[in-house]
>>> print(open('protein.csv').read())   # CSV, C-alpha atoms
chain,number,residue,atom,x,y,z
F,1,MET,CA,-23.1,-3.7,5.1
F,2,HIS,CA,-20.3,-2.9,7.5
F,3,ARG,CA,-21.3,-3.7,11.0
F,4,PRO,CA,-19.3,-2.6,14.0
F,5,ARG,CA,-18.9,-5.5,16.5
F,6,ARG,CA,-19.8,-3.2,19.3
F,7,PRO,CA,-20.4,0.5,19.7
F,8,TRP,CA,-17.5,2.8,20.3
F,9,ARG,CA,-17.6,6.4,21.5
F,10,ARG,CA,-16.4,8.8,18.9
F,11,SER,CA,-13.1,10.5,19.8
F,12,LYS,CA,-13.4,14.1,18.7
F,13,GLY,CA,-10.4,16.3,17.9
F,14,LEU,CA,-8.0,13.5,16.9
F,15,ARG,CA,-5.6,14.3,14.1
F,16,ALA,CA,-5.2,11.8,11.3
F,17,GLN,CA,-1.6,11.0,12.4
F,18,ASP,CA,-3.0,10.1,15.9
F,19,ILE,CA,-4.9,7.1,14.5
F,20,ARG,CA,-3.5,4.0,12.9
F,21,ILE,CA,-5.9,1.7,11.0
F,22,GLY,CA,-5.0,-1.9,10.5
F,23,ILE,CA,-6.7,-4.3,8.2
F,24,ASP,CA,-6.3,-8.1,8.4
F,25,LEU,CA,-7.3,-9.6,5.0
F,26,GLY,CA,-8.2,-13.3,5.7
F,27,GLY,CA,-9.6,-16.0,3.6
F,28,THR,CA,-13.1,-15.9,5.3
F,29,LYS,CA,-13.2,-12.4,6.9
F,30,ILE,CA,-11.6,-9.0,6.7
F,31,ALA,CA,-11.1,-7.5,10.1
F,32,GLY,CA,-10.3,-3.8,10.8
F,33,ILE,CA,-9.1,-1.8,13.8
F,34,ALA,CA,-8.3,1.8,14.6
F,35,LEU,CA,-5.7,2.3,17.3
F,36,GLY,CA,-5.0,5.5,19.2
F,37,PRO,CA,-1.4,6.7,19.8
F,38,ASP,CA,-1.3,4.7,23.0
F,39,GLY,CA,-2.4,1.5,21.4
F,40,THR,CA,-6.0,1.6,22.7
F,41,THR,CA,-8.7,0.4,20.4
F,42,ARG,CA,-10.8,3.3,19.1
F,43,ALA,CA,-12.9,1.4,16.6
F,44,GLU,CA,-13.2,-2.2,15.4
F,45,THR,CA,-15.3,-4.0,12.7
F,46,ARG,CA,-15.2,-6.9,10.3
F,47,VAL,CA,-17.0,-8.1,7.2
F,48,PRO,CA,-17.0,-11.4,5.2
F,49,THR,CA,-14.2,-11.7,2.6
F,50,PRO,CA,-15.6,-11.6,-1.0
F,51,ARG,CA,-13.9,-14.8,-1.9
F,52,GLY,CA,-12.7,-15.0,-5.5
F,53,ASP,CA,-13.7,-11.3,-6.2
F,54,TYR,CA,-10.7,-9.0,-6.5
F,55,ALA,CA,-12.8,-5.8,-7.1
F,56,GLY,CA,-15.1,-6.8,-4.3
F,57,THR,CA,-12.1,-7.2,-1.9
F,58,LEU,CA,-10.9,-3.7,-2.7
F,59,ASP,CA,-14.5,-2.4,-2.1
F,60,ALA,CA,-14.7,-4.2,1.2
F,61,ILE,CA,-11.4,-2.8,2.5
F,62,ALA,CA,-12.3,0.8,1.4
F,63,GLY,CA,-15.6,0.5,3.2
F,64,LEU,CA,-14.0,-0.8,6.4
F,65,VAL,CA,-11.5,2.1,6.4
F,66,ALA,CA,-14.4,4.6,6.0
F,67,THR,CA,-16.3,3.0,8.8
F,68,LEU,CA,-13.3,2.9,11.1
F,69,GLU,CA,-12.5,6.6,10.4
F,70,ALA,CA,-16.1,7.6,11.1
F,71,GLU,CA,-16.1,5.7,14.4
F,72,ALA,CA,-12.8,7.2,15.4
F,73,GLY,CA,-13.7,10.7,14.4
F,74,THR,CA,-10.9,11.3,12.0
F,75,GLU,CA,-10.0,11.0,8.3
F,76,GLY,CA,-6.9,10.4,6.3
F,77,ALA,CA,-5.5,8.0,9.0
F,78,SER,CA,-2.5,5.7,8.1
F,79,VAL,CA,-3.5,2.3,6.8
F,80,GLY,CA,-1.6,-0.9,7.1
F,81,ILE,CA,-2.8,-4.2,5.7
F,82,GLY,CA,-1.8,-7.7,6.6
F,83,MET,CA,-2.5,-10.5,4.1
F,84,PRO,CA,-1.5,-14.0,3.2
F,85,GLY,CA,1.4,-14.0,0.7
F,86,ALA,CA,3.6,-11.0,-0.1
F,87,VAL,CA,4.2,-8.2,-2.5
F,88,SER,CA,6.9,-9.3,-5.0
F,89,ARG,CA,10.1,-7.3,-5.0
F,90,HIS,CA,10.4,-8.1,-8.7
F,91,ASN,CA,7.2,-6.7,-10.1
F,92,GLY,CA,5.0,-5.4,-7.3
F,93,LEU,CA,2.4,-8.0,-7.7
F,94,ILE,CA,1.0,-10.3,-5.0
F,95,LYS,CA,2.6,-13.8,-4.8
F,96,ASN,CA,2.2,-16.9,-2.6
F,97,ALA,CA,-1.3,-15.9,-1.3
F,98,ASN,CA,-3.6,-18.8,-0.5
F,99,SER,CA,-6.4,-16.3,-1.3
F,100,VAL,CA,-5.5,-17.1,-4.9
F,101,TRP,CA,-7.6,-14.3,-6.5
F,102,LEU,CA,-5.0,-11.8,-5.2
F,103,ASN,CA,-2.1,-13.5,-6.8
F,104,GLY,CA,-0.6,-11.6,-9.8
F,105,ARG,CA,-2.6,-8.5,-8.9
F,106,PRO,CA,-1.1,-5.0,-8.1
F,107,PHE,CA,-3.0,-5.0,-4.9
F,108,ALA,CA,-0.8,-2.6,-3.0
F,109,GLN,CA,-1.0,0.0,-5.8
F,110,ASP,CA,-4.7,-0.5,-6.3
F,111,ILE,CA,-5.8,-0.1,-2.7
F,112,ALA,CA,-3.5,2.9,-2.2
F,113,ALA,CA,-5.1,4.6,-5.3
F,114,ARG,CA,-8.6,3.6,-4.0
F,115,LEU,CA,-7.9,5.2,-0.6
F,116,GLY,CA,-6.0,8.2,-1.9
F,117,ARG,CA,-3.0,7.7,0.4
F,118,PRO,CA,0.1,5.5,0.9
F,119,VAL,CA,-0.7,2.1,2.3
F,120,ARG,CA,1.7,-0.4,3.8
F,121,VAL,CA,1.1,-4.0,2.9
F,122,GLU,CA,2.8,-6.9,4.8
F,123,ASN,CA,2.5,-10.6,5.2
F,124,ASP,CA,0.0,-11.5,8.0
F,125,ALA,CA,2.6,-13.5,10.0
F,126,ASN,CA,4.9,-10.6,10.0
F,127,CYS,CA,2.1,-8.5,11.3
F,128,LEU,CA,1.7,-10.9,14.2
F,129,ALA,CA,5.4,-10.5,14.9
F,130,VAL,CA,5.1,-6.7,14.8
F,131,SER,CA,2.1,-6.6,17.1
F,132,GLU,CA,3.7,-8.9,19.7
F,133,ALA,CA,7.0,-6.9,19.5
F,134,VAL,CA,5.4,-3.5,19.9
F,135,ASP,CA,3.1,-4.2,22.9
F,136,GLY,CA,2.6,-7.9,23.2
F,137,ALA,CA,4.5,-11.0,24.4
F,138,GLY,CA,7.7,-9.8,22.9
F,139,ALA,CA,7.6,-6.2,24.0
F,140,GLY,CA,11.0,-4.9,24.9
F,141,GLU,CA,12.9,-7.6,23.0
F,142,ARG,CA,14.9,-6.7,19.9
F,143,LEU,CA,14.4,-9.8,17.8
F,144,VAL,CA,11.0,-11.4,18.0
F,145,TRP,CA,10.1,-14.6,16.0
F,146,ALA,CA,6.3,-15.3,15.9
F,147,VAL,CA,4.9,-18.6,14.8
F,148,ILE,CA,1.4,-19.2,13.5
F,149,LEU,CA,0.0,-22.7,14.1
F,150,GLY,CA,-3.5,-23.0,12.5
F,151,THR,CA,-5.0,-24.3,9.3
F,152,GLY,CA,-1.7,-23.4,7.8
F,153,VAL,CA,1.8,-22.8,9.3
F,154,GLY,CA,3.9,-19.7,9.0
F,155,SER,CA,6.0,-17.3,10.9
F,156,GLY,CA,7.2,-13.7,10.9
F,157,VAL,CA,10.2,-11.8,12.2
F,158,ALA,CA,10.3,-8.4,13.8
F,159,VAL,CA,13.5,-6.5,14.5
F,160,ASP,CA,13.3,-3.4,16.7
F,161,GLY,CA,9.5,-3.5,16.3
F,162,GLN,CA,9.6,-3.6,12.5
F,163,ALA,CA,8.8,-6.4,10.1
F,164,LEU,CA,11.8,-8.2,8.5
F,165,THR,CA,10.5,-8.8,5.0
F,166,GLY,CA,13.8,-9.8,3.2
F,167,ARG,CA,15.2,-9.3,-0.2
F,168,ASN,CA,12.7,-11.6,-1.9
F,169,ALA,CA,9.8,-10.8,0.5
F,170,ILE,CA,9.8,-14.3,1.9
F,171,ALA,CA,11.4,-13.9,5.3
F,172,GLY,CA,9.7,-16.1,7.8
F,173,GLU,CA,8.3,-18.7,5.3
F,174,TRP,CA,9.0,-21.4,7.8
F,175,GLY,CA,6.1,-23.7,6.9
F,176,HIS,CA,7.6,-24.5,3.5
F,177,ASN,CA,10.8,-25.9,4.8
F,178,PRO,CA,11.3,-29.6,5.5
F,179,LEU,CA,10.9,-31.2,8.8
F,180,PRO,CA,14.4,-31.2,10.4
F,181,TRP,CA,16.1,-34.4,11.5
F,182,PRO,CA,13.4,-36.7,10.1
F,183,ARG,CA,13.1,-40.3,11.2
F,184,ASP,CA,12.9,-43.1,8.7
F,185,ASP,CA,9.1,-43.3,9.2
F,186,GLU,CA,8.8,-39.6,8.4
F,187,ARG,CA,10.4,-39.8,5.0
F,188,PRO,CA,9.5,-38.5,2.4
F,189,GLY,CA,6.6,-36.9,4.3
F,190,PRO,CA,3.1,-35.9,3.2
F,191,ALA,CA,2.6,-34.2,-0.1
F,192,CYS,CA,2.3,-30.4,0.2
F,193,TYR,CA,0.3,-28.1,-2.1
F,194,CYS,CA,3.5,-26.3,-3.0
F,195,GLY,CA,4.6,-29.4,-4.9
F,196,ARG,CA,7.1,-30.7,-2.4
F,197,ARG,CA,6.8,-33.4,0.3
F,198,GLY,CA,7.4,-33.2,4.0
F,199,CYS,CA,7.0,-29.4,4.5
F,200,LEU,CA,6.6,-28.4,8.1
F,201,GLU,CA,3.0,-27.2,7.2
F,202,THR,CA,2.1,-30.8,6.3
F,203,TRP,CA,3.1,-32.0,9.8
F,204,LEU,CA,2.3,-29.0,12.1
F,205,SER,CA,-1.0,-27.5,10.7
F,206,GLY,CA,-4.3,-28.5,12.2
F,207,PRO,CA,-5.1,-30.7,9.1
F,208,GLY,CA,-1.6,-32.2,9.4
F,209,LEU,CA,-2.2,-33.1,13.0
F,210,ALA,CA,-5.5,-34.7,12.1
F,211,ALA,CA,-4.0,-36.7,9.2
F,212,ASP,CA,-1.2,-38.1,11.4
F,213,HIS,CA,-3.7,-39.2,14.0
F,214,LEU,CA,-5.8,-40.9,11.4
F,215,ALA,CA,-2.8,-42.7,9.9
F,216,CYS,CA,-1.7,-44.0,13.3
F,217,THR,CA,-5.1,-44.8,14.9
F,218,GLY,CA,-7.6,-45.0,12.2
F,219,GLU,CA,-9.7,-42.4,14.1
F,220,ARG,CA,-10.9,-39.3,12.3
F,221,LEU,CA,-10.8,-36.4,14.7
F,222,SER,CA,-10.1,-32.7,14.2
F,223,GLY,CA,-6.9,-31.1,15.7
F,224,GLU,CA,-9.0,-29.5,18.5
F,225,GLN,CA,-10.6,-32.9,19.4
F,226,ILE,CA,-7.2,-34.6,19.4
F,227,VAL,CA,-5.7,-32.1,21.8
F,228,ALA,CA,-8.8,-32.2,24.1
F,229,ALA,CA,-8.6,-36.0,24.2
F,230,ALA,CA,-4.9,-36.0,24.8
F,231,LEU,CA,-5.3,-33.6,27.8
F,232,GLN,CA,-7.9,-36.0,29.2
F,233,GLY,CA,-5.4,-38.9,29.0
F,234,GLU,CA,-6.7,-40.8,26.0
F,235,PRO,CA,-3.6,-42.9,25.0
F,236,GLY,CA,-3.9,-42.7,21.2
F,237,ALA,CA,-4.5,-38.9,21.2
F,238,ALA,CA,-1.7,-38.4,23.8
F,239,ALA,CA,0.7,-40.3,21.5
F,240,THR,CA,-0.3,-38.1,18.6
F,241,LEU,CA,0.2,-34.9,20.5
F,242,ALA,CA,3.6,-36.1,21.7
F,243,ARG,CA,4.7,-36.7,18.1
F,244,TYR,CA,3.4,-33.3,17.2
F,245,LEU,CA,5.3,-31.5,20.0
F,246,ASP,CA,8.5,-33.4,19.1
F,247,ARG,CA,8.1,-32.3,15.4
F,248,LEU,CA,7.3,-28.7,16.4
F,249,ALA,CA,10.3,-28.6,18.7
F,250,ARG,CA,12.6,-29.8,16.0
F,251,GLY,CA,11.1,-27.2,13.6
F,252,ILE,CA,11.6,-24.4,16.1
F,253,ALA,CA,15.1,-25.5,17.0
F,254,HIS,CA,16.1,-25.3,13.4
F,255,VAL,CA,15.2,-21.6,13.3
F,256,VAL,CA,16.8,-20.9,16.7
F,257,ASN,CA,20.1,-22.3,15.3
F,258,LEU,CA,19.8,-19.8,12.4
F,259,LEU,CA,18.2,-16.8,13.9
F,260,ASP,CA,18.7,-17.0,17.7
F,261,PRO,CA,15.6,-14.9,18.5
F,262,ASP,CA,15.2,-13.1,21.9
F,263,VAL,CA,11.7,-14.5,22.3
F,264,ILE,CA,9.5,-17.0,20.4
F,265,VAL,CA,5.8,-16.1,20.3
F,266,LEU,CA,3.2,-18.7,19.4
F,267,GLY,CA,-0.1,-17.8,17.7
F,268,GLY,CA,-3.0,-19.9,16.6
F,269,GLY,CA,-5.1,-22.5,18.3
F,270,LEU,CA,-2.4,-24.4,20.1
F,271,SER,CA,-1.0,-21.3,21.6
F,272,ARG,CA,-4.1,-21.0,23.8
F,273,ILE,CA,-3.2,-24.3,25.6
F,274,GLU,CA,-0.9,-23.4,28.5
F,275,SER,CA,0.4,-26.9,29.0
F,276,VAL,CA,1.4,-27.2,25.4
F,277,VAL,CA,3.4,-23.9,25.4
F,278,ALA,CA,5.0,-24.9,28.7
F,279,ALA,CA,6.2,-28.3,27.4
F,280,LEU,CA,8.1,-26.9,24.4
F,281,PRO,CA,11.4,-25.4,25.9
F,282,GLU,CA,12.6,-28.8,27.2
F,283,ARG,CA,11.8,-30.4,23.9
F,284,ILE,CA,13.5,-27.7,21.9
F,285,ALA,CA,16.7,-27.6,24.0
F,286,PRO,CA,18.3,-31.0,22.8
F,287,HIS,CA,18.2,-29.8,19.2
F,288,VAL,CA,19.8,-26.4,19.8
F,289,PHE,CA,23.5,-26.0,19.0
F,290,SER,CA,24.4,-24.3,22.3
F,291,ASP,CA,25.5,-25.2,25.8
F,292,ALA,CA,22.2,-23.8,27.1
F,293,PHE,CA,18.8,-22.8,25.8
F,294,ASP,CA,16.9,-20.2,27.8
F,295,THR,CA,14.9,-18.4,25.0
F,296,PRO,CA,11.4,-17.8,26.3
F,297,VAL,CA,8.5,-19.4,24.5
F,298,ARG,CA,5.3,-17.4,25.0
F,299,ALA,CA,1.7,-17.4,23.8
F,300,SER,CA,0.7,-14.3,21.9
F,301,ARG,CA,-0.7,-11.6,24.2
F,302,HIS,CA,-3.2,-10.3,21.7
F,303,GLY,CA,-4.5,-13.6,20.4
F,304,ASP,CA,-6.6,-13.4,17.3
F,305,ALA,CA,-6.3,-9.6,17.3
F,306,SER,CA,-2.5,-9.7,16.8
F,307,GLY,CA,-2.6,-9.7,13.0
F,308,VAL,CA,-4.9,-6.7,12.7
F,309,ARG,CA,-3.1,-4.8,15.4
F,310,GLY,CA,0.3,-5.5,13.8
F,311,ALA,CA,-1.1,-4.2,10.5
F,312,ALA,CA,-1.9,-0.9,12.2
F,313,TRP,CA,1.6,-0.8,13.8
F,314,LEU,CA,3.2,-1.1,10.3
F,315,TRP,CA,3.1,2.7,10.6
F,316,GLY,CA,5.4,3.2,13.7
F,317,PRO,CA,5.6,6.3,15.9
F,318,GLU,CA,8.3,7.8,13.5
F,319,SER,CA,5.8,7.6,10.6
>>> encode(input="protein.csv", output="C-alpha cells")
Amino acid sequence: MHRPRRPWRRSKGLRAQDIRIGIDLGGTKIAGIALGPDGTTRAETRVPTPRGDYAGTLDAIAGLVATLEAEAGTEGASVGIGMPGAVSRHNGLIKNANSVWLNGRPFAQDIAARLGRPVRVENDANCLAVSEAVDGAGAGERLVWAVILGTGVGSGVAVDGQALTGRNAIAGEWGHNPLPWPRDDERPGPACYCGRRGCLETWLSGPGLAADHLACTGERLSGEQIVAAALQGEPGAAATLARYLDRLARGIAHVVNLLDPDVIVLGGGLSRIESVVAALPERIAPHVFSDAFDTPVRASRHGDASGVRGAAWLWGPES
C-alpha cells in the first residue's frame, strides 16, 4: 500500500509540464516527491524497497508515480529517478549499484516503458548535487561539488544546475579513490568491497569511523555515538573524530586541486553537526595547491530530501 506521509491539498488545473516527480530509490526505502514549478512540494510519499526483487521494484516505483500524480492533480508529469550506481554508457544496463538486484538490468528502459514516458535516471549523489545547485546550499554557483557521508561515501557534481555524469558515467565516484597523502600507519588501509584497499569509503563512512575507533580504543561504538562522545569531550572519541576530520580534509583537498568547485556541499549524518562543518576549511587549506583557500563548505539545505528533490530537478525548466 502506498501511504502519503501527510495529506496534501490537490492542486487543480496544473498541466503535466508544471509538475516534476522525483523518485529516490534507496536500499531500504523508495521516496517520491512532486514539485511545482516554483519548487514547492505538492505531494510526497514513500514505501519500503522490495529488496532483491527487480519486478517488485518496478511495481513500487510505478505505484509511487501514480499516487503522486493523483495527489498533485495531474498526469503525465516528468519523472526523474536517483539511484545507487549508474546506467552504463556501454550497454545501457545498471552498474555499480549496491542494490545488487539492479545490476545488469535495463532499468531505465524498463521503467520508462512501464510509465509510458521518457524517464531520466541519475546517480543519487549527482541528484544531491543538482538539488543543492538549483535551490539549496549551492544556489547561484556554477560548479557545485556535493559529498555524501553516510553508510557509504560518494559525491556528485553539478555544473550550471545539471548533473555531470561523465563519459563512463562515473563522475563523482570519490569514495573509491585512495586516501590522499597517507601516513605510514594508514597503509595499505582497510579492505574495501570493491577489491582494493584504503578507499576513502573505508575511512570516511560511518562503519569506517566505527572501525577506526575500535582499532584505536577497543571500544565498539557507532559513528553517531563516537561523534556525540567527542563533542562532550571524551578523549578517545575526540581523538577518533580528529583523525576522521584530518582524513576527510585530505580527501576533499584532493578534489579541490582537480576540480576547484565554487562550493562544497556536505550531505549525510555528519553534515548536521555545525561544529564539524565549521572545522573543515582550516583543515583543508594546508593541502590545497593555492596561495589561498576560500571555497565555502556548507551543509546541504534540503537534508535527507535533497536526493529526491534533485531527481525531480533532472528535468530542468527548459525541459
>>> atom_distance(input="protein.csv", atom1="atom CA of F:Val65", atom2="atom CA of F:Val100")
23.1 Å
>>> closest_residue(input="protein.csv", among="F:His254, F:Arg220, F:Arg114, F:Arg309", to="F:Ala66", atoms="all atoms listed in the file")
F:Arg114
>>> residues_around(input="protein.csv", residues="stretch 33-40 of chain F", least_positions_apart="4", cutoff="6 Å", atoms="all atoms listed in the file", output="list in words")
Asp18, Ile19, Arg20, Ile21, Gly22 and Glu44 of chain F
>>> residues_around(input="protein.csv", residues="F:Glu186", least_positions_apart="5", cutoff="10 Å", atoms="only C-alpha atoms", output="VMD selection string")
chain F and resid 179 181 198 203
>>> atom_distance(input="protein.csv", atom1="atom CA of F:Glu282", atom2="atom CA of F:Gly233")
20.7 Å
>>> atom_distance(input="protein.csv", atom1="atom CA of F:Leu25", atom2="atom CA of F:Ala112")
14.9 Å
>>> residues_around(input="protein.csv", residues="F:Leu231", least_positions_apart="4", cutoff="10 Å", atoms="all atoms listed in the file", output="ChimeraX atom specification")
/F:225-227,235,237-238,241,273,275-276
>>> closest_residue(input="protein.csv", among="F:Pro188, F:His287, F:Leu266, F:Leu221", to="F:Ala249", atoms="all atoms listed in the file")
F:His287
